[in-house]
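Quick look at structure.csv (CSV, C-alpha atoms):
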```
chain,number,residue,atom,x,y,z
A,1,MET,CA,32.5,64.6,-190.6
A,2,SER,CA,35.2,62.3,-192.1
A,3,LYS,CA,38.7,63.6,-192.7
A,4,GLU,CA,38.3,63.1,-196.4
A,5,ARG,CA,35.0,64.9,-196.6
A,6,SER,CA,36.4,67.9,-194.6
A,7,LYS,CA,39.0,68.4,-197.4
A,8,THR,CA,36.3,68.6,-200.1
A,9,PRO,CA,36.8,71.9,-202.0
A,10,LEU,CA,34.0,74.4,-202.0
A,11,LEU,CA,32.2,75.2,-205.2
A,12,LEU,CA,30.8,78.7,-206.1
A,13,GLU,CA,27.9,80.2,-207.9
A,14,THR,CA,27.8,83.9,-208.5
A,15,ILE,CA,24.3,85.1,-209.4
A,16,ARG,CA,23.2,88.6,-210.5
A,17,ILE,CA,20.3,90.0,-208.5
A,18,GLU,CA,19.0,93.3,-209.7
A,19,ASP,CA,16.1,95.1,-208.0
A,20,GLY,CA,14.8,91.7,-206.7
A,21,GLU,CA,15.2,89.9,-210.0
A,22,ILE,CA,17.3,86.8,-210.0
A,23,HIS,CA,19.1,86.5,-213.4
A,24,ASN,CA,19.6,83.2,-215.3
A,25,LEU,CA,18.8,81.0,-212.3
A,26,SER,CA,18.1,77.9,-214.4
A,27,TYR,CA,21.7,78.0,-215.8
A,28,HIS,CA,23.2,78.3,-212.4
A,29,GLN,CA,21.1,75.5,-211.2
A,30,HIS,CA,22.2,73.3,-214.1
A,31,ARG,CA,25.8,74.0,-213.4
A,32,CYS,CA,25.3,73.3,-209.7
A,33,ASN,CA,23.6,70.0,-210.4
A,34,LYS,CA,26.4,69.0,-212.9
A,35,SER,CA,29.2,69.9,-210.5
A,36,ARG,CA,27.7,68.1,-207.6
A,37,GLN,CA,27.1,65.0,-209.8
A,38,ILE,CA,30.7,65.0,-210.9
A,39,LEU,CA,32.1,65.3,-207.4
A,40,PHE,CA,29.6,63.7,-205.1
A,41,ASP,CA,27.1,61.6,-207.2
A,42,PRO,CA,24.3,62.7,-204.9
A,43,ASP,CA,20.7,61.4,-204.8
A,44,ASP,CA,19.3,64.9,-204.4
A,45,ILE,CA,19.3,68.3,-205.9
A,46,LEU,CA,20.5,71.5,-204.1
A,47,ASP,CA,17.6,73.8,-204.9
A,48,LEU,CA,19.2,77.2,-205.2
A,49,SER,CA,15.9,79.1,-205.4
A,50,SER,CA,14.9,77.8,-201.9
A,51,PHE,CA,18.0,79.5,-200.4
A,52,ILE,CA,17.9,82.9,-202.1
A,53,ASP,CA,16.2,85.8,-200.4
A,54,ALA,CA,16.7,88.4,-203.1
A,55,PRO,CA,17.3,92.1,-202.0
A,56,LYS,CA,14.4,94.1,-203.4
A,57,THR,CA,16.4,97.1,-204.6
A,58,GLY,CA,19.9,97.6,-205.9
A,59,LEU,CA,22.4,95.4,-207.8
A,60,TYR,CA,23.9,92.5,-205.9
A,61,ARG,CA,26.3,89.6,-206.4
A,62,CYS,CA,24.7,86.7,-204.7
A,63,ARG,CA,27.6,84.5,-203.7
A,64,ILE,CA,26.7,80.9,-203.0
A,65,LEU,CA,29.3,78.5,-201.6
A,66,TYR,CA,28.4,74.8,-201.5
A,67,ALA,CA,29.7,71.3,-201.7
A,68,GLU,CA,27.5,68.3,-201.2
A,69,ARG,CA,25.4,70.7,-199.0
A,70,LEU,CA,25.0,74.4,-198.9
A,71,HIS,CA,27.8,76.1,-197.1
A,72,SER,CA,26.9,79.8,-197.2
A,73,ILE,CA,25.1,82.5,-199.1
A,74,GLU,CA,25.7,86.3,-199.1
A,75,TYR,CA,24.6,89.3,-201.0
A,76,ILE,CA,27.4,91.8,-202.0
A,77,PRO,CA,26.7,95.2,-203.6
A,78,TYR,CA,28.2,95.0,-207.0
A,79,THR,CA,30.4,97.5,-208.9
A,80,PRO,CA,31.9,96.3,-212.2
A,81,LYS,CA,35.6,96.2,-212.7
A,82,GLU,CA,36.9,98.5,-215.5
A,83,ILE,CA,38.8,96.6,-218.2
A,84,ARG,CA,40.9,99.0,-220.3
A,85,SER,CA,43.9,96.8,-221.1
A,86,VAL,CA,44.3,93.1,-221.8
A,87,LYS,CA,47.1,90.8,-222.8
A,88,ILE,CA,47.5,87.1,-223.7
A,89,VAL,CA,49.3,84.8,-221.2
A,90,SER,CA,50.1,81.2,-221.8
A,91,SER,CA,49.2,78.8,-218.9
A,92,ASP,CA,48.2,75.2,-218.2
A,93,ILE,CA,45.8,76.2,-215.5
A,94,GLU,CA,42.8,74.0,-214.8
A,95,TYR,CA,39.4,75.4,-213.7
A,96,SER,CA,36.7,73.2,-215.3
A,97,LEU,CA,34.5,73.5,-212.2
A,98,LYS,CA,33.7,76.8,-210.5
A,99,TYR,CA,35.7,76.3,-207.3
A,100,ALA,CA,35.7,79.0,-204.6
A,101,ASN,CA,39.5,78.7,-204.5
A,102,ARG,CA,40.8,81.0,-207.2
A,103,ASP,CA,44.4,81.2,-206.0
A,104,ALA,CA,45.9,80.1,-209.3
A,105,LEU,CA,43.8,82.6,-211.3
A,106,ASN,CA,44.5,85.4,-208.9
A,107,ALA,CA,48.3,84.6,-209.1
A,108,LEU,CA,48.1,84.8,-212.9
A,109,LEU,CA,46.6,88.2,-212.7
A,110,GLU,CA,48.9,89.3,-209.9
A,111,SER,CA,52.0,88.4,-212.0
A,112,ASN,CA,50.7,90.6,-214.9
A,113,LYS,CA,50.0,93.9,-213.1
A,114,ASP,CA,50.7,95.9,-216.3
A,115,VAL,CA,47.2,95.1,-217.5
A,116,ASP,CA,43.7,95.0,-216.1
A,117,GLU,CA,43.0,91.5,-217.2
A,118,VAL,CA,44.6,88.6,-219.1
A,119,ILE,CA,43.3,86.2,-221.7
A,120,ILE,CA,44.6,82.7,-221.0
A,121,GLU,CA,46.1,80.8,-223.9
A,122,LYS,CA,46.2,77.0,-223.3
A,123,LYS,CA,47.8,74.5,-225.7
A,124,GLY,CA,47.9,77.2,-228.4
A,125,TYR,CA,44.2,78.2,-228.2
A,126,LEU,CA,42.5,81.1,-226.4
A,127,THR,CA,40.2,80.2,-223.5
A,128,ASP,CA,39.0,82.8,-220.9
A,129,THR,CA,40.1,85.7,-218.9
A,130,THR,CA,40.5,85.2,-215.1
A,131,ILE,CA,36.9,86.5,-214.5
A,132,SER,CA,35.0,85.8,-217.7
A,133,ASN,CA,34.4,84.0,-220.9
A,134,ILE,CA,35.4,85.8,-224.1
A,135,ALA,CA,34.0,86.4,-227.6
A,136,PHE,CA,35.3,87.9,-230.8
A,137,PHE,CA,33.3,89.5,-233.7
A,138,ASP,CA,34.3,88.6,-237.2
A,139,GLY,CA,32.0,91.1,-239.0
A,140,GLU,CA,29.1,88.7,-239.2
A,141,GLN,CA,28.8,86.8,-235.9
A,142,TRP,CA,30.2,86.5,-232.4
A,143,LEU,CA,32.5,83.6,-231.8
A,144,THR,CA,33.6,82.2,-228.5
A,145,PRO,CA,36.4,79.6,-227.7
A,146,VAL,CA,35.0,76.1,-228.1
A,147,ASN,CA,37.0,74.9,-225.0
A,148,PRO,CA,36.8,77.6,-222.3
A,149,LEU,CA,38.5,77.2,-218.9
A,150,LEU,CA,35.0,77.3,-217.4
A,151,GLU,CA,31.6,76.9,-219.1
A,152,GLY,CA,30.0,80.1,-217.9
A,153,THR,CA,26.3,80.5,-217.4
A,154,MET,CA,26.0,83.7,-219.6
A,155,ARG,CA,28.1,81.9,-222.3
A,156,ALA,CA,25.7,78.9,-222.2
A,157,LYS,CA,22.6,81.1,-222.4
A,158,LEU,CA,24.0,83.1,-225.4
A,159,ILE,CA,24.9,79.9,-227.2
A,160,ASP,CA,21.5,78.5,-226.6
A,161,GLU,CA,19.9,81.7,-228.0
A,162,GLY,CA,22.1,81.4,-231.2
A,163,PHE,CA,23.9,84.7,-230.5
A,164,LEU,CA,27.3,83.0,-229.8
A,165,HIS,CA,29.0,80.3,-231.9
A,166,PRO,CA,31.8,78.2,-230.5
A,167,LYS,CA,35.0,78.0,-232.5
A,168,GLU,CA,38.7,77.3,-231.9
A,169,ILE,CA,40.5,80.6,-231.8
A,170,LYS,CA,44.3,81.3,-231.9
A,171,LYS,CA,46.0,84.5,-231.0
A,172,GLU,CA,47.5,84.6,-234.5
A,173,GLU,CA,43.9,84.9,-235.9
A,174,LEU,CA,43.0,88.0,-233.9
A,175,GLN,CA,43.6,90.2,-236.9
A,176,ASN,CA,40.4,88.6,-238.4
A,177,TYR,CA,38.2,90.1,-235.7
A,178,SER,CA,37.0,93.7,-235.1
A,179,GLN,CA,35.7,93.5,-231.6
A,180,VAL,CA,36.3,91.6,-228.3
A,181,ALA,CA,33.8,91.1,-225.5
A,182,LEU,CA,33.8,89.7,-222.0
A,183,MET,CA,30.9,87.9,-220.5
A,184,ASN,CA,29.9,86.5,-217.1
A,185,ALA,CA,26.9,86.3,-214.8
A,186,MET,CA,27.5,89.8,-213.4
A,187,ILE,CA,28.6,91.9,-216.4
A,188,GLY,CA,26.3,90.2,-219.0
A,189,PHE,CA,27.9,90.6,-222.4
A,190,LYS,CA,30.3,93.6,-222.5
A,191,ILE,CA,32.1,94.8,-225.6
A,192,LEU,CA,35.5,96.3,-224.7
A,193,ASN,CA,37.0,99.4,-226.3
A,194,ILE,CA,40.0,97.4,-227.4
A,195,GLU,CA,40.9,96.3,-230.9
A,196,PRO,CA,41.6,92.5,-231.0
A,197,HIS,CA,44.6,92.8,-233.2
A,198,LYS,CA,46.3,95.1,-230.6
A,199,ILE,CA,46.0,92.4,-227.9
A,200,LEU,CA,49.5,90.9,-227.5
```

Let me see the structure of the file written as structure tokens.
Amino acid sequence: MSKERSKTPLLLETIRIEDGEIHNLSYHQHRCNKSRQILFDPDDILDLSSFIDAPKTGLYRCRILYAERLHSIEYIPYTPKEIRSVKIVSSDIEYSLKYANRDALNALLESNKDVDEVIIEKKGYLTDTTISNIAFFDGEQWLTPVNPLLEGTMRAKLIDEGFLHPKEIKKEELQNYSQVALMNAMIGFKILNIEPHKIL
């Protein structure tokens, strides 16, 4: 293995497996293909379905680490994190590909221990939390930031289905929304018991 290749950062896919059912696999496969194309320009596809041996009962987080080739796969029993408090934090963080290294995201959360989660504001616009994409309800439809930190698989699915609509969203506009929701592969689409205009 070349020295340069050994420094290649690992990518991550987190897939929900519930009672043997693999959720949204086509969206994870698409992101895997796109990420590998950007970083490695490979002449093959890493077929995720061929590696997954789904547990037959229970809820699991299937954690796949890969680069140009598969690195590891594990199945972790899943318990969702309770989100009761959120605040907005400004940052120039980059996370356009789903890297396994989340040090910068974890540090952002670690430095804001007064809340359960943070919404990252970048160049004046809201993007994501450290663990999920976000959406806001304006009374008629659910809107999600047009430029998230990471294009999540659940976000992509809900946009394709016409449930979510991308829009540039500023914190100064939160008074226009009545509900806020988080979404990712594991939690699906979860509406928080938090009023958007009270998020500071």

Two-atom distance - atom CA of A:Leu174, atom CA of A:Glu94 (Å):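 Taking atom CA of A:Leu174 and atom CA of A:Glu94, their separation equals 23.7 Å.
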
Please build the interface table for stretch 79-179 of chain A against stretch 191-195 of chain A with a cut-off of 9 Å, listing for each qualifying residue the nearest atom pair and the distance in Å to one decimal; count all atoms listed in the file, order rows by chain and increasing number, and write it as CSV.
```
residue,atom,partner,partner_atom,distance
A:Ile83,CA,A:Leu192,CA,7.3
A:Arg84,CA,A:Asn193,CA,7.2
A:Ser85,CA,A:Ile194,CA,7.4
A:Val86,CA,A:Ile194,CA,8.3
A:Ala135,CA,A:Ile191,CA,8.8
A:Gln175,CA,A:Glu195,CA,9.0
A:Tyr177,CA,A:Glu195,CA,8.3
A:Ser178,CA,A:Glu195,CA,6.3
A:Gln179,CA,A:Glu195,CA,5.9
```

Give me the residues of stretch 136-194 of chain A that have any atom at most 8 Å from an atom of stretch 21-41 of chain A; for each, the nearest atom pair and the distance in Å, rounded to one decimal. Use only C-alpha atoms, sort by chain and number, and format it as CSV.
```
residue,atom,partner,partner_atom,distance
A:Thr153,CA,A:Tyr27,CA,5.5
A:Met154,CA,A:Asn24,CA,7.7
A:Ala156,CA,A:Tyr27,CA,7.6
A:Lys157,CA,A:Tyr27,CA,7.3
A:Ala185,CA,A:His23,CA,7.9
```

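You can rank A:Glu168, A:Glu13, A:Asp53, A:Asp116 by their closest distance to A:Thr144 using all atoms listed in the file, and at the top of that list sits A:Glu168.
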
d(atom CA of A:Glu140, atom CA of A:Ala181) in Å: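 Taking atom CA of A:Glu140 as the start and atom CA of A:Ala181 as the end point, the length is 14.7 Å.
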
Residue nearest A:Asn147 - candidates A:Ile120, A:Leu200, A:Val115, A:Ala104, atoms counted: all atoms listed in the file: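 Ranked by minimum distance to A:Asn147, first place goes to A:Ile120.
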
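Residue nearest A:Pro9, chosen from A:Leu150, A:Leu164, A:Ala67, A:Leu158 and counting only C-alpha atoms: A:Ala67.
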
For A:Val180, the nearest of the candidates A:Gly139, A:Gly152, A:Gly20, A:Gly162, counting only C-alpha atoms: A:Gly139

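Across A:Leu149, A:Leu11, A:Ile73, A:Ile131, the tightest approach to A:Phe51 is made by A:Ile73 when counting all atoms listed in the file.
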
Within 10 Å of A:Leu59 using only C-alpha atoms, minus same-chain residues under 5 positions, as a PyMOL selection string: chain A and resi 16-21+75-79+186

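Nearest residue to A:Leu10 among A:Ile199, A:Val146, A:Leu70, A:Leu109 is A:Leu70, counting only C-alpha atoms.
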
One-decimal distance in Å that lies between atom CA of A:Asn133 and atom CA of A:Phe163: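 Answer for the atom CA of A:Phe163 to atom CA of A:Asn133 separation: 14.2 Å.
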